[in-house]
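The next block is input_14.txt, given as compact mmCIF, C-alpha atoms and all ligand atoms.
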# COMPACT_ATOMS: atom_id res chain seq x y z
CA MET Y 222 143.71 74.62 65.65
CA SER Y 223 147.39 74.73 64.79
CA PHE Y 224 148.89 71.37 63.92
CA THR Y 225 151.62 70.03 66.22
CA THR Y 226 152.81 66.47 66.24
CA ARG Y 227 155.74 64.54 67.61
CA PHE Y 228 157.97 61.52 67.37
CA ALA Y 229 158.77 60.09 70.80
CA PRO Y 230 161.41 57.36 70.69
CA SER Y 231 162.70 55.50 73.73
CA PRO Y 232 166.51 55.37 73.55
CA THR Y 233 166.75 51.69 74.47
CA GLY Y 234 168.64 50.89 71.28
CA HIS Y 235 169.17 52.07 67.72
CA LEU Y 236 166.23 53.06 65.55
CA HIS Y 237 165.14 50.56 62.91
CA ILE Y 238 163.13 50.92 59.71
CA GLY Y 239 159.85 50.67 61.62
CA HIS Y 240 160.81 53.70 63.74
CA ALA Y 241 161.93 55.56 60.63
CA PHE Y 242 158.49 54.97 59.12
CA SER Y 243 156.79 56.29 62.24
CA ALA Y 244 159.05 59.35 62.45
CA TRP Y 245 158.65 60.07 58.74
CA THR Y 246 154.86 59.69 58.87
CA ALA Y 247 154.62 62.24 61.69
CA PHE Y 248 157.15 64.59 60.10
CA ARG Y 249 155.43 64.55 56.68
CA ALA Y 250 152.06 65.18 58.33
CA ALA Y 251 153.51 68.26 60.07
CA CYS Y 252 155.04 69.52 56.81
CA GLU Y 253 151.82 69.00 54.86
CA ALA Y 254 149.83 70.84 57.53
CA GLU Y 255 152.52 73.55 57.76
CA GLY Y 256 152.56 72.68 61.44
CA ARG Y 257 155.17 71.95 64.09
CA PHE Y 258 157.18 68.80 64.58
CA ILE Y 259 158.61 67.92 67.98
CA LEU Y 260 161.07 65.24 69.01
CA ARG Y 261 160.82 63.88 72.56
CA MET Y 262 163.04 61.37 74.31
CA GLU Y 263 160.87 58.97 76.31
CA ASP Y 264 163.58 57.78 78.65
CA ILE Y 265 161.87 57.30 82.02
CA ASP Y 266 163.05 53.69 82.06
CA THR Y 267 166.49 54.60 83.34
CA VAL Y 268 167.61 50.97 83.32
CA ARG Y 269 166.84 50.18 79.68
CA CYS Y 270 167.41 53.66 78.20
CA LYS Y 271 171.01 54.64 77.54
CA ARG Y 272 172.30 58.15 76.86
CA GLU Y 273 174.73 56.80 74.26
CA PHE Y 274 171.83 55.92 71.92
CA GLU Y 275 170.57 59.50 71.78
CA PRO Y 276 173.19 61.06 69.49
CA VAL Y 277 172.87 58.09 67.13
CA ILE Y 278 169.09 58.56 67.04
CA LEU Y 279 169.52 62.27 66.26
CA ASP Y 280 172.04 61.49 63.48
CA ASP Y 281 169.70 58.85 62.02
CA LEU Y 282 166.79 61.27 61.89
CA ILE Y 283 168.86 64.09 60.36
CA TRP Y 284 170.16 61.64 57.75
CA LEU Y 285 166.58 60.61 56.99
CA GLY Y 286 165.74 64.27 56.30
CA LEU Y 287 163.92 65.32 59.46
CA ASP Y 288 164.31 68.46 61.48
CA TRP Y 289 162.61 69.46 64.69
CA GLU Y 290 162.26 72.20 67.24
CA GLU Y 291 164.92 72.63 69.92
CA PRO Y 292 165.32 71.91 72.76
CA VAL Y 293 164.39 68.24 72.71
CA ARG Y 294 162.50 67.31 75.87
CA ARG Y 295 164.08 64.48 77.77
CA GLN Y 296 161.56 62.89 80.14
CA SER Y 297 164.21 61.70 82.60
CA GLU Y 298 164.82 65.38 83.45
CA HIS Y 299 161.20 65.92 84.50
CA PHE Y 300 160.36 63.27 87.08
CA ASP Y 301 159.04 66.06 89.34
CA ASP Y 302 156.36 66.95 86.78
CA TYR Y 303 155.18 63.35 86.65
CA ALA Y 304 155.22 63.04 90.45
CA ARG Y 305 152.83 66.02 90.59
CA VAL Y 306 150.47 64.26 88.19
CA LEU Y 307 150.49 61.19 90.42
CA GLU Y 308 149.75 63.40 93.45
CA ARG Y 309 146.79 64.92 91.63
CA LEU Y 310 145.42 61.48 90.82
CA GLU Y 311 145.88 60.46 94.44
CA ALA Y 312 144.05 63.60 95.58
CA LEU Y 313 141.20 62.68 93.22
CA GLY Y 314 141.06 59.29 94.95
CA VAL Y 315 141.33 57.31 91.71
CA ILE Y 316 144.58 55.43 92.37
CA TYR Y 317 145.43 52.84 94.98
CA ARG Y 318 148.50 51.01 96.21
CA CYS Y 319 148.56 47.39 95.09
CA PHE Y 320 150.97 45.22 97.08
CA LYS Y 321 150.23 42.02 95.22
CA THR Y 322 153.09 40.10 93.76
CA ARG Y 323 152.99 39.09 90.13
CA ARG Y 324 152.15 35.57 91.26
CA GLU Y 325 149.18 36.71 93.34
CA ILE Y 326 147.90 38.77 90.41
CA MET Y 327 148.14 35.75 88.11
CA GLU Y 328 146.23 33.68 90.67
CA ASP Y 329 143.49 36.34 90.83
CA ILE Y 330 143.27 36.38 87.05
CA ALA Y 331 143.09 32.58 86.94
CA ARG Y 332 140.05 32.78 89.24
CA ALA Y 333 138.30 34.91 86.61
CA PRO Y 334 138.65 32.65 83.55
CA HIS Y 335 136.63 34.89 81.23
CA GLU Y 336 139.42 37.47 81.29
CA VAL Y 337 141.72 37.66 78.29
CA GLY Y 338 145.43 38.15 78.97
CA GLU Y 339 146.80 39.82 82.07
CA VAL Y 340 143.99 42.16 82.97
CA TYR Y 341 143.72 42.95 86.67
CA ARG Y 342 140.28 44.05 87.80
CA GLY Y 343 141.29 45.35 91.21
CA PRO Y 344 140.56 44.06 94.71
CA LEU Y 345 137.03 43.14 95.74
CA GLU Y 346 137.41 45.26 98.87
CA PRO Y 347 139.79 48.22 99.29
CA MET Y 348 142.70 47.49 101.61
CA SER Y 349 142.14 48.76 105.16
CA VAL Y 350 144.04 51.87 106.21
CA ASP Y 351 145.78 49.86 108.95
CA GLU Y 352 146.95 47.09 106.64
CA GLU Y 353 148.21 49.60 104.11
CA ALA Y 354 150.09 51.51 106.81
CA SER Y 355 151.73 48.38 108.19
CA ARG Y 356 152.79 47.12 104.76
CA MET Y 357 154.21 50.56 103.96
CA ALA Y 358 156.06 50.59 107.27
CA ALA Y 359 157.47 47.15 106.45
CA GLY Y 360 158.89 48.66 103.27
CA GLU Y 361 156.94 46.34 100.97
CA ALA Y 362 157.03 47.07 97.24
CA PHE Y 363 153.81 48.26 95.63
CA ALA Y 364 152.39 49.54 92.36
CA TRP Y 365 150.03 52.48 91.98
CA ARG Y 366 147.05 51.31 89.96
CA LEU Y 367 144.29 53.39 88.41
CA SER Y 368 140.95 52.15 89.75
CA LEU Y 369 138.41 52.06 86.93
CA ALA Y 370 135.64 51.66 89.50
CA ARG Y 371 136.65 54.88 91.26
CA CYS Y 372 137.06 56.71 87.94
CA ARG Y 373 133.56 55.64 87.00
CA ASP Y 374 132.22 56.93 90.34
CA LEU Y 375 134.07 60.21 90.08
CA LEU Y 376 133.22 60.96 86.47
CA GLY Y 377 129.64 59.69 86.49
CA PRO Y 378 128.06 59.93 83.01
CA ARG Y 379 131.26 61.50 81.65
CA PHE Y 380 132.96 58.09 81.96
CA SER Y 381 130.93 56.41 79.26
CA ALA Y 382 130.76 59.60 77.20
CA MET Y 383 134.53 59.74 76.62
CA ARG Y 384 135.36 60.06 72.92
CA TYR Y 385 138.32 60.84 70.71
CA ILE Y 386 138.86 61.43 67.02
CA GLU Y 387 140.82 58.83 65.08
CA ASP Y 388 142.13 60.67 62.03
CA GLY Y 389 140.47 59.21 58.97
CA ALA Y 390 138.02 57.05 60.94
CA GLY Y 391 136.06 59.69 62.87
CA GLU Y 392 134.81 59.68 66.42
CA GLN Y 393 135.61 56.67 68.61
CA THR Y 394 134.33 55.69 72.02
CA ALA Y 395 137.18 55.64 74.55
CA ASN Y 396 136.39 52.56 76.62
CA PRO Y 397 139.22 51.74 79.06
CA ASP Y 398 137.38 48.70 80.55
CA PRO Y 399 139.31 46.05 78.58
CA LEU Y 400 142.54 47.31 80.18
CA GLY Y 401 141.49 46.77 83.80
CA ASP Y 402 143.30 48.60 86.60
CA VAL Y 403 146.52 49.64 84.89
CA ILE Y 404 149.78 50.33 86.75
CA LEU Y 405 150.58 54.06 86.65
CA ALA Y 406 153.69 54.04 88.87
CA ARG Y 407 155.69 51.85 91.19
CA LYS Y 408 157.14 52.52 94.60
CA ASP Y 409 160.62 52.87 93.09
CA VAL Y 410 159.66 54.43 89.72
CA GLY Y 411 157.13 57.14 90.45
CA THR Y 412 155.76 57.30 86.93
CA SER Y 413 154.97 55.32 83.80
CA TYR Y 414 154.75 55.77 80.07
CA HIS Y 415 151.03 56.59 80.44
CA ILE Y 416 151.51 59.47 82.88
CA ALA Y 417 154.53 60.90 81.09
CA VAL Y 418 153.04 60.74 77.60
CA VAL Y 419 149.71 62.29 78.61
CA HIS Y 420 151.44 65.04 80.59
CA ASP Y 421 153.92 65.87 77.84
CA ASP Y 422 151.46 65.76 74.95
CA ALA Y 423 149.43 68.41 76.78
CA LEU Y 424 152.43 70.46 77.90
CA GLN Y 425 153.86 70.52 74.39
CA GLY Y 426 150.53 71.42 72.77
CA ILE Y 427 150.37 68.25 70.68
CA SER Y 428 147.26 68.53 68.51
CA HIS Y 429 147.84 65.23 66.65
CA VAL Y 430 149.39 62.12 68.15
CA ILE Y 431 150.74 60.02 65.29
CA ARG Y 432 152.03 56.63 66.41
CA GLY Y 433 151.95 52.94 65.59
CA GLU Y 434 148.78 50.90 65.84
CA ASP Y 435 150.41 48.79 68.55
CA LEU Y 436 149.57 51.66 70.93
CA ARG Y 437 145.95 52.02 69.81
CA ALA Y 438 144.71 49.85 72.70
CA MET Y 439 146.19 52.33 75.18
CA THR Y 440 144.44 55.38 73.74
CA PRO Y 441 141.24 54.95 75.83
CA LEU Y 442 143.42 54.98 78.97
CA HIS Y 443 145.16 58.14 77.78
CA VAL Y 444 141.78 59.78 77.09
CA LEU Y 445 140.65 58.78 80.60
CA LEU Y 446 143.75 60.39 82.13
CA GLN Y 447 143.15 63.54 80.06
CA THR Y 448 139.56 63.63 81.32
CA LEU Y 449 140.63 63.20 84.95
CA LEU Y 450 143.35 65.83 84.65
CA ASP Y 451 141.31 68.33 82.61
CA LEU Y 452 143.72 68.11 79.69
CA PRO Y 453 142.72 68.43 76.04
CA THR Y 454 142.44 65.25 73.99
CA PRO Y 455 144.45 65.42 70.79
CA VAL Y 456 143.43 63.82 67.50
CA TYR Y 457 145.00 60.35 67.20
CA ARG Y 458 146.33 58.66 64.11
CA HIS Y 459 147.53 55.09 64.60
CA HIS Y 460 149.49 54.09 61.53
CA ARG Y 461 150.09 50.55 60.30
CA LEU Y 462 153.28 48.87 61.45
CA LEU Y 463 155.95 48.27 58.86
CA LEU Y 464 156.73 44.56 58.51
CA ASP Y 465 159.78 42.75 57.17
CA GLU Y 466 159.74 40.21 54.32
CA ASN Y 467 158.59 37.50 56.77
CA GLY Y 468 155.64 39.60 57.91
CA GLU Y 469 157.30 40.24 61.28
CA ARG Y 470 157.75 43.55 63.06
CA PHE Y 471 161.24 44.98 62.94
CA ALA Y 472 163.14 44.59 66.20
CA LYS Y 473 165.92 46.72 67.67
CA ARG Y 474 167.94 43.58 68.33
CA ASN Y 475 168.11 42.82 64.58
CA LYS Y 476 171.19 44.86 63.74
CA SER Y 477 170.76 44.60 59.95
CA VAL Y 478 167.67 46.83 59.93
CA THR Y 479 168.94 49.62 62.16
CA LEU Y 480 169.24 52.96 60.41
CA LYS Y 481 172.80 53.26 61.65
CA SER Y 482 173.90 50.04 59.94
CA LEU Y 483 171.94 50.85 56.78
CA ARG Y 484 173.51 54.28 56.41
CA GLU Y 485 176.95 52.92 57.21
CA SER Y 486 176.55 50.27 54.52
CA GLY Y 487 175.85 52.96 51.92
CA VAL Y 488 172.05 52.70 51.66
CA SER Y 489 170.55 56.10 50.80
CA PRO Y 490 167.70 57.79 52.71
CA ASP Y 491 165.63 57.53 49.50
CA GLU Y 492 166.08 53.77 49.48
CA VAL Y 493 164.96 53.55 53.10
CA ARG Y 494 161.95 55.74 52.39
CA SER Y 495 161.05 53.60 49.36
CA ARG Y 496 160.47 50.69 51.78
CA PHE Y 497 157.75 52.68 53.52
CA ALA Y 498 155.42 52.09 50.55
CA THR Y 499 155.50 48.28 50.89
N1 LIG N 501 157.96 55.99 73.34
C1 LIG N 501 157.02 55.16 72.64
C2 LIG N 501 157.77 54.14 71.82
O1 LIG N 501 158.96 54.26 71.63
C3 LIG N 501 156.10 55.95 71.73
C4 LIG N 501 155.00 56.52 72.49
C5 LIG N 501 153.97 57.31 71.72
O2 LIG N 501 154.17 57.68 70.55
O3 LIG N 501 152.92 57.59 72.32
O4 LIG N 501 157.16 53.19 71.36

Can you turn what I pasted into structure tokens?
Ligand code: GLU
Amino acid sequence: MSFTTRFAPSPTGHLHIGHAFSAWTAFRAACEAEGRFILRMEDIDTVRCKREFEPVILDDLIWLGLDWEEPVRRQSEHFDDYARVLERLEALGVIYRCFKTRREIMEDIARAPHEVGEVYRGPLEPMSVDEEASRMAAGEAFAWRLSLARCRDLLGPRFSAMRYIEDGAGEQTANPDPLGDVILARKDVGTSYHIAVVHDDALQGISHVIRGEDLRAMTPLHVLLQTLLDLPTPVYRHHRLLLDENGERFAKRNKSVTLKSLRESGVSPDEVRSRFAT
């Protein structure tokens, strides 16, 4: 298997040291494996993502010593691809329209006190065709949710047999149950990070997904989508998150740790990279 990995920033601001660590980890892994390194702009959130951040991100990464294959895929140019994925999931019967407001969802969750966090388990009964049609006709907002119950029915024994390889830790069970019925699209935004990332990792032949451990919890959902869509499951490596001197994660809003401000203040790429060891 040839080694291909990627760094997939969302241009919602300038990159900080934590992003640099992630990008460098993926880039070094590709170099060591004599594989390919791909850069992808994950900019489906057209409100929060801004084009003006992109050239700064590219300059930051070049300064850090990275290079990548051209052209860079920009997800906002491929909404049609993601719409087709959603159509396939609809045809499989594994997604449903959820018209509940955030408040109604919170009330449902409060009725199930054993749940941790904001996990939505889906309706007890599917909405009737008539009710759905009338709410659609009324122009009500809705979210497309992935029904774990329907996935389980469709996949049968394959559902509990889903596995993936975590690099360095071996085979893992991919159990999406703790996530509940996740939102995969909204009426106005016909996709989500989950659909776009799973589609693009397969399209771009990503053999190794290298990303922060904050996304580890989502990997079982991504493996489920790959199973439903007959896509290969890459190897995953979830790296530790780089923390600042207070043990906090770096944040884009903290200007002092952006790569742009560091390089403008005369810090060298070597000095930035030396912080990756801490
Ligand atoms: N776009 C995501 C982020 O900026 C990364 C997604 C991924 O690596 O799977 O956090």

Put a box with edges along x, y and z around all the listed atoms of ligand LIG 501 (chain N), pad it by 4 Å on each side, then give me its centre and sizes in Å, one decimal, as JSON.
{"center_x": 155.9, "center_y": 55.4, "center_z": 71.9, "size_x": 14.0, "size_y": 12.5, "size_z": 10.8}

Find the nearest atom pair between each residue of chain Y and ligand LIG 501 (chain N) for residues within 7 Å, count only C-alpha atoms and all ligand atoms, give distances in Å to one decimal, sort rows by chain and ascending number, and present the table as a tab-separated table.
residue	atom	partner	partner_atom	distance
Y:Phe228	CA	N:LIG501	O2	6.3
Y:Ala229	CA	N:LIG501	N1	4.9
Y:Pro230	CA	N:LIG501	O1	4.1
Y:Ser231	CA	N:LIG501	O1	4.5
Y:Glu263	CA	N:LIG501	N1	5.1
Y:Val418	CA	N:LIG501	O3	6.1
Y:Val430	CA	N:LIG501	O2	7.0
Y:Ile431	CA	N:LIG501	O2	6.7
Y:Arg432	CA	N:LIG501	O2	4.8
Y:Leu436	CA	N:LIG501	O3	7.0

- Message: as a list of chain:residue names, please: the residues near range 243-255 of chain Y (cut-off 9 Å, only C-alpha atoms, same-chain neighbours under 6 positions excluded).
- Response: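 Result of the neighbour search: Y:Ser223, Y:Phe224, Y:Thr225, Y:Thr226, Y:Arg227, Y:Phe228, Y:Ala229, Y:Pro230, Y:Leu282, Y:Leu285, Y:Gly286, Y:Leu287, Y:Asp288, Y:Trp289, Y:His429, Y:Val430, Y:Ile431, Y:Arg432, Y:Gly433, Y:His460, Y:Leu462, Y:Leu463, Y:Arg494.
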
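Nearest residue to Cys319 in chain Y, choosing from Y:Pro347, Y:Pro453, Y:Gly401, Y:Pro292 and counting all atoms listed in the file: Y:Pro347.
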
- Test item: residues at most 10 Å from Thr448 in chain Y, all atoms listed in the file, excluding those fewer than 2 positions along its chain, as an MDAnalysis selection string: chainID Y and resid 372 376 379:380 383 442:446 450:454

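The neighbours of range 349-361 of chain Y here are the residues that come within 10 Å of it, using all atoms listed in the file and leaving out any residue fewer than 4 positions away in the same chain; they are Arg318, Cys319, Phe320, Lys321 and Lys408 of chain Y.
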
- Message: I'd like the contact shell of Asp302 in chain Y - 12 Å cut-off, all atoms listed in the file, skipping same-chain residues fewer than 6 positions apart - returned as a PyMOL selection string.
- Response: chain Y and resi 296+308-309+411-412+416-421+424

- Item | Selection: 10 Å around His237 in chain Y, all atoms listed in the file, excl. self and same-chain fewer than 4 positions, as a list in words |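 Listed by chain and then number, they are Ala241, Phe242, Ile278, Asp281, Phe471, Ala472, Lys473, Arg474, Asn475, Lys476, Ser477, Val478, Thr479, Leu480, Lys481, Ser482 and Leu483 of chain Y.
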
- Task: Would you mind telling me which residue in Y:Gly314, Y:Arg342, Y:Thr440, Y:Glu298 lies nearest to Asp374 in chain Y when using all atoms listed in the file?
- Result: Y:Gly314

- Pick out the closest residue to Glu387 in chain Y from this set: Y:Leu279, Y:Val456, Y:Ala423, Y:Met262. Count all atoms listed in the file.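 Looking only at the distances to Glu387 in chain Y, the closest residue turns out to be Y:Val456.
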
- Message: Using only C-alpha atoms, can you tell me which of Y:Ala362, Y:Ala370, Y:Leu449, Y:Ala331 comes closest to Leu345 in chain Y?
- Response: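 Using only C-alpha atoms, Leu345 in chain Y sits closest to Y:Ala370.
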
- Selected residue of minimal separation from Pro276 in chain Y among Y:Gly487, Y:Pro232, Y:Gly256, Y:Gly239, counting only C-alpha atoms: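 For Pro276 in chain Y, the nearest of the given residues is Y:Pro232.
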
- Message: For a quick check of understanding, using only C-alpha atoms, which of Y:Glu311, Y:Asp280, Y:Asp409, Y:Asp402 has the smallest distance to Ile326 in chain Y?
- Response: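 Of Y:Glu311, Y:Asp280, Y:Asp409, Y:Asp402, the one nearest Ile326 in chain Y is Y:Asp402, counting only C-alpha atoms.
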